[in-house]
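The next block is upload.txt, given as compact mmCIF, C-alpha atoms and all ligand atoms.
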```
# COMPACT_ATOMS: atom_id res chain seq x y z
CA ALA A 132 -1.93 14.61 5.96
CA ARG A 133 -4.36 12.00 7.20
CA LEU A 134 -3.49 8.46 6.15
CA VAL A 135 -5.72 5.41 6.08
CA VAL A 136 -3.60 2.29 5.62
CA LEU A 137 -5.00 -0.96 4.20
CA VAL A 138 -3.33 -4.26 5.10
CA SER A 139 -3.83 -8.00 4.61
CA GLY A 140 -0.95 -9.56 6.53
CA ALA A 141 2.09 -8.97 8.69
CA GLY A 142 1.90 -5.20 8.45
CA THR A 143 5.63 -4.46 8.52
CA ASN A 144 5.13 -1.68 5.96
CA LEU A 145 2.38 -0.29 8.20
CA GLN A 146 4.78 -0.46 11.14
CA ALA A 147 7.41 1.49 9.22
CA LEU A 148 4.81 4.18 8.50
CA LEU A 149 3.70 4.25 12.14
CA ASP A 150 7.31 4.66 13.26
CA ALA A 151 7.88 7.48 10.76
CA CYS A 152 4.66 9.22 11.81
CA SER A 153 5.87 9.47 15.38
CA ASP A 154 8.02 12.38 14.17
CA PRO A 155 5.75 15.43 13.67
CA ALA A 156 8.13 16.69 10.96
CA TYR A 157 7.14 13.70 8.85
CA GLY A 158 3.95 15.53 7.90
CA ALA A 159 1.52 12.62 8.00
CA HIS A 160 -0.28 10.56 10.58
CA VAL A 161 -2.21 7.32 10.36
CA VAL A 162 -5.83 7.86 11.39
CA ALA A 163 -7.11 4.31 10.84
CA VAL A 164 -6.10 0.89 9.53
CA GLY A 165 -8.39 -1.33 7.47
CA ALA A 166 -8.14 -4.96 6.41
CA ASP A 167 -9.96 -7.51 4.30
CA ARG A 168 -9.59 -10.19 6.96
CA GLY A 169 -9.35 -10.37 10.72
CA GLU A 170 -6.73 -11.79 13.07
CA ILE A 171 -3.72 -10.54 11.20
CA ALA A 172 -0.60 -9.03 12.69
CA GLY A 173 -1.20 -5.80 10.78
CA LEU A 174 -4.39 -5.13 12.77
CA GLU A 175 -2.60 -6.00 16.01
CA ARG A 176 0.09 -3.44 15.20
CA ALA A 177 -2.62 -0.83 14.62
CA ALA A 178 -4.39 -1.68 17.86
CA ALA A 179 -1.08 -1.54 19.75
CA ALA A 180 -0.62 1.97 18.37
CA GLY A 181 -4.08 2.90 19.70
CA LEU A 182 -5.56 3.34 16.23
CA PRO A 183 -9.09 2.55 15.11
CA THR A 184 -9.32 -0.50 12.88
CA PHE A 185 -11.98 -1.92 10.59
CA THR A 186 -12.32 -5.19 8.70
CA VAL A 187 -14.39 -5.52 5.53
CA ARG A 188 -14.44 -9.15 4.33
CA ILE A 189 -15.49 -10.14 0.84
CA PRO A 190 -17.42 -13.27 1.98
CA ASP A 191 -19.68 -11.07 4.11
CA PHE A 192 -21.13 -9.41 0.98
CA GLU A 193 -23.35 -10.68 -1.78
CA SER A 194 -21.10 -9.28 -4.50
CA ARG A 195 -17.67 -7.87 -5.06
CA ASP A 196 -19.34 -4.57 -5.91
CA ALA A 197 -21.11 -4.45 -2.55
CA TRP A 198 -17.84 -5.22 -0.78
CA ASP A 199 -16.12 -2.43 -2.66
CA ALA A 200 -18.86 0.06 -1.72
CA ALA A 201 -18.64 -0.96 1.95
CA LEU A 202 -14.85 -0.67 1.97
CA THR A 203 -15.14 2.76 0.37
CA ASP A 204 -17.55 3.93 3.09
CA ALA A 205 -15.40 2.47 5.87
CA VAL A 206 -12.34 4.33 4.60
CA ALA A 207 -14.25 7.55 3.86
CA ALA A 208 -15.49 7.65 7.47
CA HIS A 209 -11.91 8.47 8.48
CA GLU A 210 -11.57 11.31 5.93
CA PRO A 211 -8.15 10.41 4.57
CA ASP A 212 -6.04 12.71 2.44
CA LEU A 213 -4.14 9.68 1.21
CA VAL A 214 -4.92 5.95 1.21
CA VAL A 215 -1.93 3.62 1.47
CA SER A 216 -2.31 0.05 0.26
CA ALA A 217 0.52 -1.57 2.22
CA GLY A 218 0.35 -5.27 1.49
CA PHE A 219 -3.42 -5.13 0.85
CA MET A 220 -4.00 -8.15 -1.36
CA LYS A 221 -7.33 -7.25 -2.95
CA ILE A 222 -8.06 -5.27 -6.10
CA LEU A 223 -9.81 -2.01 -5.29
CA GLY A 224 -13.05 -1.52 -7.22
CA LYS A 225 -14.77 1.29 -9.05
CA HIS A 226 -16.47 2.86 -6.02
CA PHE A 227 -13.16 3.09 -4.25
CA LEU A 228 -11.40 4.58 -7.27
CA GLU A 229 -14.18 7.11 -7.88
CA ARG A 230 -13.89 8.31 -4.29
CA PHE A 231 -10.14 8.21 -3.76
CA GLY A 232 -8.63 8.03 -7.26
CA GLY A 233 -5.30 9.88 -7.52
CA ARG A 234 -4.87 9.63 -3.75
CA ILE A 235 -4.16 5.91 -3.38
CA VAL A 236 -0.62 4.56 -3.33
CA ASN A 237 0.38 0.91 -3.40
CA THR A 238 3.66 -0.82 -2.73
CA HIS A 239 4.59 -3.77 -4.92
CA PRO A 240 7.54 -6.18 -4.49
CA ALA A 241 8.84 -6.06 -8.08
CA LEU A 242 9.98 -3.53 -10.67
CA LEU A 243 6.71 -2.79 -12.47
CA PRO A 244 5.65 -3.25 -15.19
CA SER A 245 7.46 -6.57 -14.70
CA PHE A 246 5.77 -9.14 -12.50
CA PRO A 247 2.44 -7.58 -11.50
CA GLY A 248 -0.01 -9.58 -9.41
CA ALA A 249 -0.03 -11.47 -6.15
CA HIS A 250 3.08 -13.61 -6.74
CA ALA A 251 5.58 -11.02 -7.88
CA VAL A 252 8.59 -12.41 -6.01
CA ARG A 253 7.90 -16.01 -7.06
CA ASP A 254 7.37 -14.94 -10.67
CA ALA A 255 10.61 -12.93 -10.76
CA LEU A 256 12.56 -15.90 -9.37
CA ALA A 257 10.91 -18.30 -11.82
CA TYR A 258 11.80 -16.05 -14.73
CA GLY A 259 15.39 -15.97 -13.57
CA VAL A 260 15.93 -12.21 -13.41
CA LYS A 261 19.14 -11.16 -11.68
CA VAL A 262 17.80 -7.82 -10.50
CA THR A 263 14.35 -7.14 -9.10
CA GLY A 264 13.14 -4.61 -6.56
CA CYS A 265 10.08 -2.71 -5.45
CA THR A 266 7.74 -0.08 -6.79
CA VAL A 267 5.54 2.51 -5.11
CA HIS A 268 2.83 3.64 -7.51
CA PHE A 269 -0.54 5.27 -7.71
CA VAL A 270 -3.44 2.87 -7.98
CA ASP A 271 -5.67 2.89 -11.05
CA GLU A 272 -8.29 0.42 -12.27
CA GLY A 273 -5.70 -2.11 -13.48
CA VAL A 274 -3.69 -4.66 -11.53
CA ASP A 275 -0.45 -2.90 -10.49
CA THR A 276 -0.65 -0.60 -13.54
CA GLY A 277 -0.91 2.93 -12.11
CA PRO A 278 1.74 5.66 -12.54
CA VAL A 279 5.05 4.77 -10.93
CA ILE A 280 6.22 7.17 -8.21
CA ALA A 281 9.46 5.52 -7.11
CA GLN A 282 11.40 2.30 -7.59
CA GLU A 283 14.47 0.73 -6.10
CA THR A 284 16.44 -2.30 -7.22
CA VAL A 285 17.39 -5.42 -5.24
CA PRO A 286 19.88 -7.98 -6.64
CA VAL A 287 18.78 -11.62 -6.79
CA GLY A 288 21.32 -13.99 -5.19
CA TRP A 289 21.98 -17.48 -6.57
CA HIS A 290 20.95 -18.88 -3.18
CA ASP A 291 17.68 -16.93 -2.92
CA ASP A 292 14.32 -18.59 -2.46
CA GLU A 293 11.01 -16.73 -2.41
CA ASP A 294 11.15 -16.02 1.32
CA SER A 295 14.74 -14.78 1.46
CA LEU A 296 14.31 -12.58 -1.60
CA HIS A 297 10.99 -11.18 -0.43
CA GLU A 298 12.50 -10.35 2.95
CA ARG A 299 15.35 -8.38 1.34
CA ILE A 300 12.89 -6.61 -0.96
CA LYS A 301 10.70 -5.71 2.01
CA GLN A 302 13.62 -4.07 3.79
CA VAL A 303 14.01 -1.72 0.82
CA GLU A 304 10.27 -1.42 0.27
CA ARG A 305 9.58 -0.13 3.78
CA ARG A 306 12.13 2.64 3.41
CA LEU A 307 10.85 3.58 -0.06
CA LEU A 308 7.21 3.65 1.04
CA VAL A 309 8.00 5.82 4.06
CA ASP A 310 9.98 8.19 1.86
CA VAL A 311 7.26 8.49 -0.81
CA VAL A 312 4.37 8.93 1.62
CA GLY A 313 6.31 11.60 3.51
CA ARG A 314 7.05 13.49 0.30
CA LEU A 315 3.44 13.27 -0.81
CA ALA A 316 2.26 14.49 2.55
CA ARG A 317 4.66 17.41 2.73
CA ASP A 318 5.04 18.54 -0.86
CA GLY A 319 2.53 16.83 -3.11
CA TRP A 320 4.00 14.97 -6.05
CA THR A 321 4.35 15.48 -9.75
CA THR A 322 3.65 12.49 -11.93
CA ARG A 323 3.49 12.68 -15.70
CA GLY A 324 3.39 16.44 -15.35
CA ARG A 325 0.33 16.35 -13.14
CA ARG A 326 0.52 17.59 -9.58
CA VAL A 327 -1.35 15.38 -7.18
CA SER A 328 -3.88 17.21 -5.09
CA MET A 329 -3.53 16.44 -1.40
CA LYS A 330 -6.76 18.21 -0.45
CA CYS A 331 -9.26 16.04 1.29
CA ARG A 332 -12.16 15.46 -1.09
CA THR A 333 -14.55 14.23 1.54
CA CYS A 334 -14.29 17.30 3.77
C1 LIG A 401 4.88 -6.45 0.68
O1 LIG A 401 6.03 -6.98 0.04
C2 LIG A 401 3.90 -5.93 -0.32
O2 LIG A 401 4.48 -5.29 -1.40
C3 LIG A 401 3.28 -7.23 -0.75
O3 LIG A 401 3.07 -7.92 0.45
C4 LIG A 401 4.07 -7.54 1.38
C5 LIG A 401 3.39 -7.04 2.61
O4 LIG A 401 4.23 -7.03 3.70
N1 LIG A 401 2.13 -7.03 -1.55
P1 LIG A 401 3.78 -6.49 5.13
O5 LIG A 401 2.40 -7.05 5.43
O6 LIG A 401 3.77 -4.98 5.06
O7 LIG A 401 4.80 -7.00 6.09
```

As C-alpha cells:
Amino acid sequence: ARLVVLVSGAGTNLQALLDACSDPAYGAHVVAVGADRGEIAGLERAAAAGLPTFTVRIPDFESRDAWDAALTDAVAAHEPDLVVSAGFMKILGKHFLERFGGRIVNTHPALLPSFPGAHAVRDALAYGVKVTGCTVHFVDEGVDTGPVIAQETVPVGWHDDEDSLHERIKQVERRLLVDVVGRLARDGWTTRGRRVSMKCRTC
C-alpha cells in the first residue's frame, strides 16, 4: 500500500512508520510526506529517507477552503492508498474528505472520545485522570470523532507534567500506529461491520 504521511512537527511517528516500511513484509511504503509548515524535523526525516515532500501553508491561501483544495491535490498527486495524519495539527476539510474519506487515519494522544483537540495531554492532566492513552482512528468531518480502530492505555504518574506524560504516550502511540497501518495495508480492516477498501481511488 502507498502511504502519504502528513506531519506538523517532530515526526517521530513518521520515523516509526519509515523504520517499519524498511521491511518489505510490512506491506506498506511511504511515497511522500506533506506538512502545513516548513522547517520542521518531520520534513527533515522525510528528506533524509529520500522521499518527496510538500508543504501547503494556510497563510498562502485566501481561504481555508482553498488551502484544503490545494492540500488535497498535493496529496492526490502521489496516489496514496492510505493517508496517515501523524501529528498533523490541522483539521482536514471537505475536499480532502471527499477524495480520501475512509482512507485517512489519525493518531491522537488520548483515549477518545475523551480529550479531543490540540491539547489532549494537557486536558487529561488538568482533569486529573489516572489513566490516559492513545487512539488510532479514521478521520471524519469532526474533530477527533471518526471510528476508533485501536487504543492503548498509559497510566498517569503523580509526578507527570505535560511533557513527561506526552513522551510516554508517544512511545506507545508509535507502536500502535505502526501496527494499525501495517494491518490496514496487509489485510484491510473491519470497523463497525464495514470493511475498509484499500483500493486506490485515484488510479
Ligand atoms: C503525537 O502525540 C500526535 O498524536 C499529536 O502530536 C504528536 C506528534 O508527534 N497530535 P510526532 O511529531 O510524531 O513526534

Around ligand LIG 401 (chain A), which protein and nucleic acid residues have at least one atom no more than 6 Å from it, if we count only C-alpha atoms and all ligand atoms? List them as a short mmCIF file (atom, residue, chain, number, x, y, z; two decimals) with C-alpha atoms, in the frame of the given file.
```cif
data_model
loop_
_atom_site.label_atom_id
_atom_site.label_comp_id
_atom_site.auth_asym_id
_atom_site.auth_seq_id
_atom_site.Cartn_x
_atom_site.Cartn_y
_atom_site.Cartn_z
CA GLY A 140 -0.95 -9.56 6.53
CA ALA A 141 2.09 -8.97 8.69
CA GLY A 142 1.90 -5.20 8.45
CA THR A 143 5.63 -4.46 8.52
CA ASN A 144 5.13 -1.68 5.96
CA LEU A 145 2.38 -0.29 8.20
CA ALA A 217 0.52 -1.57 2.22
CA GLY A 218 0.35 -5.27 1.49
CA THR A 238 3.66 -0.82 -2.73
CA HIS A 239 4.59 -3.77 -4.92
CA PRO A 240 7.54 -6.18 -4.49
CA LYS A 301 10.70 -5.71 2.01
#
```

(request) Could you tell me how far atom CA of A:Asp204 lies from atom CA of A:Gly158, in Å and to one decimal? (result)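 Straight-line distance from atom CA of A:Asp204 to atom CA of A:Gly158 works out to 24.9 Å.
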
(message) As an exercise, work out the distance from atom CA of A:Arg314 to atom CA of A:Ala166 in Å and give it to one decimal place.
(response)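 Here the two named atoms are 24.7 Å from each other.
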
(request) Could you please determine the separation between atom CA of A:Asp212 and atom CA of A:Arg133 in Å, to one decimal place? (result) 5.1 Å

(request) Using only C-alpha atoms, pick whichever of A:Asp199, A:Val262, A:His160, A:Ala132 has the shortest atom-to-atom distance to A:Arg234. (result) A:Ala132

Repaired coordinates for stretch 285-312 of chain A (N, CA and C atoms) as a PDB file, keeping the file's coordinate frame:
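selection_37.pdb, written as the output of this step:
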```pdb
ATOM      1  N   VAL A 285      16.831  -4.440  -6.187  1.00  0.00           N
ATOM      2  CA  VAL A 285      17.390  -5.420  -5.240  1.00  0.00           C
ATOM      3  C   VAL A 285      18.004  -6.543  -6.079  1.00  0.00           C
ATOM      4  N   PRO A 286      19.288  -6.878  -5.879  1.00  0.00           N
ATOM      5  CA  PRO A 286      19.880  -7.980  -6.640  1.00  0.00           C
ATOM      6  C   PRO A 286      19.336  -9.327  -6.178  1.00  0.00           C
ATOM      7  N   VAL A 287      19.215 -10.251  -7.122  1.00  0.00           N
ATOM      8  CA  VAL A 287      18.780 -11.620  -6.790  1.00  0.00           C
ATOM      9  C   VAL A 287      20.037 -12.463  -6.593  1.00  0.00           C
ATOM     10  N   GLY A 288      20.163 -13.135  -5.449  1.00  0.00           N
ATOM     11  CA  GLY A 288      21.320 -13.990  -5.190  1.00  0.00           C
ATOM     12  C   GLY A 288      21.081 -15.403  -5.714  1.00  0.00           C
ATOM     13  N   TRP A 289      22.133 -16.119  -6.040  1.00  0.00           N
ATOM     14  CA  TRP A 289      21.980 -17.480  -6.570  1.00  0.00           C
ATOM     15  C   TRP A 289      21.326 -18.398  -5.539  1.00  0.00           C
ATOM     16  N   HIS A 290      21.468 -18.052  -4.261  1.00  0.00           N
ATOM     17  CA  HIS A 290      20.950 -18.880  -3.180  1.00  0.00           C
ATOM     18  C   HIS A 290      19.529 -18.495  -2.772  1.00  0.00           C
ATOM     19  N   ASP A 291      18.972 -17.441  -3.385  1.00  0.00           N
ATOM     20  CA  ASP A 291      17.680 -16.930  -2.920  1.00  0.00           C
ATOM     21  C   ASP A 291      16.541 -17.909  -3.170  1.00  0.00           C
ATOM     22  N   ASP A 292      15.633 -18.007  -2.200  1.00  0.00           N
ATOM     23  CA  ASP A 292      14.320 -18.590  -2.460  1.00  0.00           C
ATOM     24  C   ASP A 292      13.298 -17.454  -2.273  1.00  0.00           C
ATOM     25  N   GLU A 293      12.025 -17.791  -2.434  1.00  0.00           N
ATOM     26  CA  GLU A 293      11.010 -16.730  -2.410  1.00  0.00           C
ATOM     27  C   GLU A 293      11.035 -15.970  -1.086  1.00  0.00           C
ATOM     28  N   ASP A 294      11.189 -16.686   0.015  1.00  0.00           N
ATOM     29  CA  ASP A 294      11.150 -16.020   1.320  1.00  0.00           C
ATOM     30  C   ASP A 294      12.350 -15.102   1.534  1.00  0.00           C
ATOM     31  N   SER A 295      13.547 -15.601   1.203  1.00  0.00           N
ATOM     32  CA  SER A 295      14.740 -14.780   1.460  1.00  0.00           C
ATOM     33  C   SER A 295      14.748 -13.544   0.562  1.00  0.00           C
ATOM     34  N   LEU A 296      14.332 -13.727  -0.695  1.00  0.00           N
ATOM     35  CA  LEU A 296      14.310 -12.580  -1.600  1.00  0.00           C
ATOM     36  C   LEU A 296      13.243 -11.577  -1.187  1.00  0.00           C
ATOM     37  N   HIS A 297      12.064 -12.093  -0.835  1.00  0.00           N
ATOM     38  CA  HIS A 297      10.990 -11.180  -0.430  1.00  0.00           C
ATOM     39  C   HIS A 297      11.401 -10.385   0.808  1.00  0.00           C
ATOM     40  N   GLU A 298      12.085 -11.047   1.734  1.00  0.00           N
ATOM     41  CA  GLU A 298      12.500 -10.350   2.950  1.00  0.00           C
ATOM     42  C   GLU A 298      13.467  -9.202   2.613  1.00  0.00           C
ATOM     43  N   ARG A 299      14.419  -9.459   1.706  1.00  0.00           N
ATOM     44  CA  ARG A 299      15.350  -8.380   1.340  1.00  0.00           C
ATOM     45  C   ARG A 299      14.637  -7.256   0.588  1.00  0.00           C
ATOM     46  N   ILE A 300      13.665  -7.638  -0.260  1.00  0.00           N
ATOM     47  CA  ILE A 300      12.890  -6.610  -0.960  1.00  0.00           C
ATOM     48  C   ILE A 300      12.110  -5.769   0.055  1.00  0.00           C
ATOM     49  N   LYS A 301      11.524  -6.441   1.036  1.00  0.00           N
ATOM     50  CA  LYS A 301      10.700  -5.710   2.010  1.00  0.00           C
ATOM     51  C   LYS A 301      11.521  -4.708   2.821  1.00  0.00           C
ATOM     52  N   GLN A 302      12.780  -5.036   3.065  1.00  0.00           N
ATOM     53  CA  GLN A 302      13.620  -4.070   3.790  1.00  0.00           C
ATOM     54  C   GLN A 302      13.744  -2.772   2.993  1.00  0.00           C
ATOM     55  N   VAL A 303      13.902  -2.895   1.688  1.00  0.00           N
ATOM     56  CA  VAL A 303      14.010  -1.720   0.820  1.00  0.00           C
ATOM     57  C   VAL A 303      12.639  -1.047   0.658  1.00  0.00           C
ATOM     58  N   GLU A 304      11.635  -1.886   0.509  1.00  0.00           N
ATOM     59  CA  GLU A 304      10.270  -1.420   0.270  1.00  0.00           C
ATOM     60  C   GLU A 304       9.771  -0.514   1.405  1.00  0.00           C
ATOM     61  N   ARG A 305      10.054  -0.909   2.628  1.00  0.00           N
ATOM     62  CA  ARG A 305       9.580  -0.130   3.780  1.00  0.00           C
ATOM     63  C   ARG A 305      10.182   1.274   3.750  1.00  0.00           C
ATOM     64  N   ARG A 306      11.467   1.337   3.458  1.00  0.00           N
ATOM     65  CA  ARG A 306      12.130   2.640   3.410  1.00  0.00           C
ATOM     66  C   ARG A 306      11.578   3.487   2.273  1.00  0.00           C
ATOM     67  N   LEU A 307      11.366   2.862   1.112  1.00  0.00           N
ATOM     68  CA  LEU A 307      10.850   3.580  -0.060  1.00  0.00           C
ATOM     69  C   LEU A 307       9.433   4.099   0.198  1.00  0.00           C
ATOM     70  N   LEU A 308       8.596   3.249   0.775  1.00  0.00           N
ATOM     71  CA  LEU A 308       7.210   3.650   1.040  1.00  0.00           C
ATOM     72  C   LEU A 308       7.167   4.827   2.022  1.00  0.00           C
ATOM     73  N   VAL A 309       7.958   4.733   3.079  1.00  0.00           N
ATOM     74  CA  VAL A 309       8.000   5.820   4.060  1.00  0.00           C
ATOM     75  C   VAL A 309       8.467   7.114   3.390  1.00  0.00           C
ATOM     76  N   ASP A 310       9.457   7.006   2.547  1.00  0.00           N
ATOM     77  CA  ASP A 310       9.980   8.190   1.860  1.00  0.00           C
ATOM     78  C   ASP A 310       8.906   8.791   0.951  1.00  0.00           C
ATOM     79  N   VAL A 311       8.257   7.982   0.144  1.00  0.00           N
ATOM     80  CA  VAL A 311       7.260   8.490  -0.810  1.00  0.00           C
ATOM     81  C   VAL A 311       6.067   9.100  -0.076  1.00  0.00           C
ATOM     82  N   VAL A 312       5.546   8.415   0.913  1.00  0.00           N
ATOM     83  CA  VAL A 312       4.370   8.930   1.620  1.00  0.00           C
ATOM     84  C   VAL A 312       4.715  10.250   2.308  1.00  0.00           C
TER      85      VAL A 312
END
```
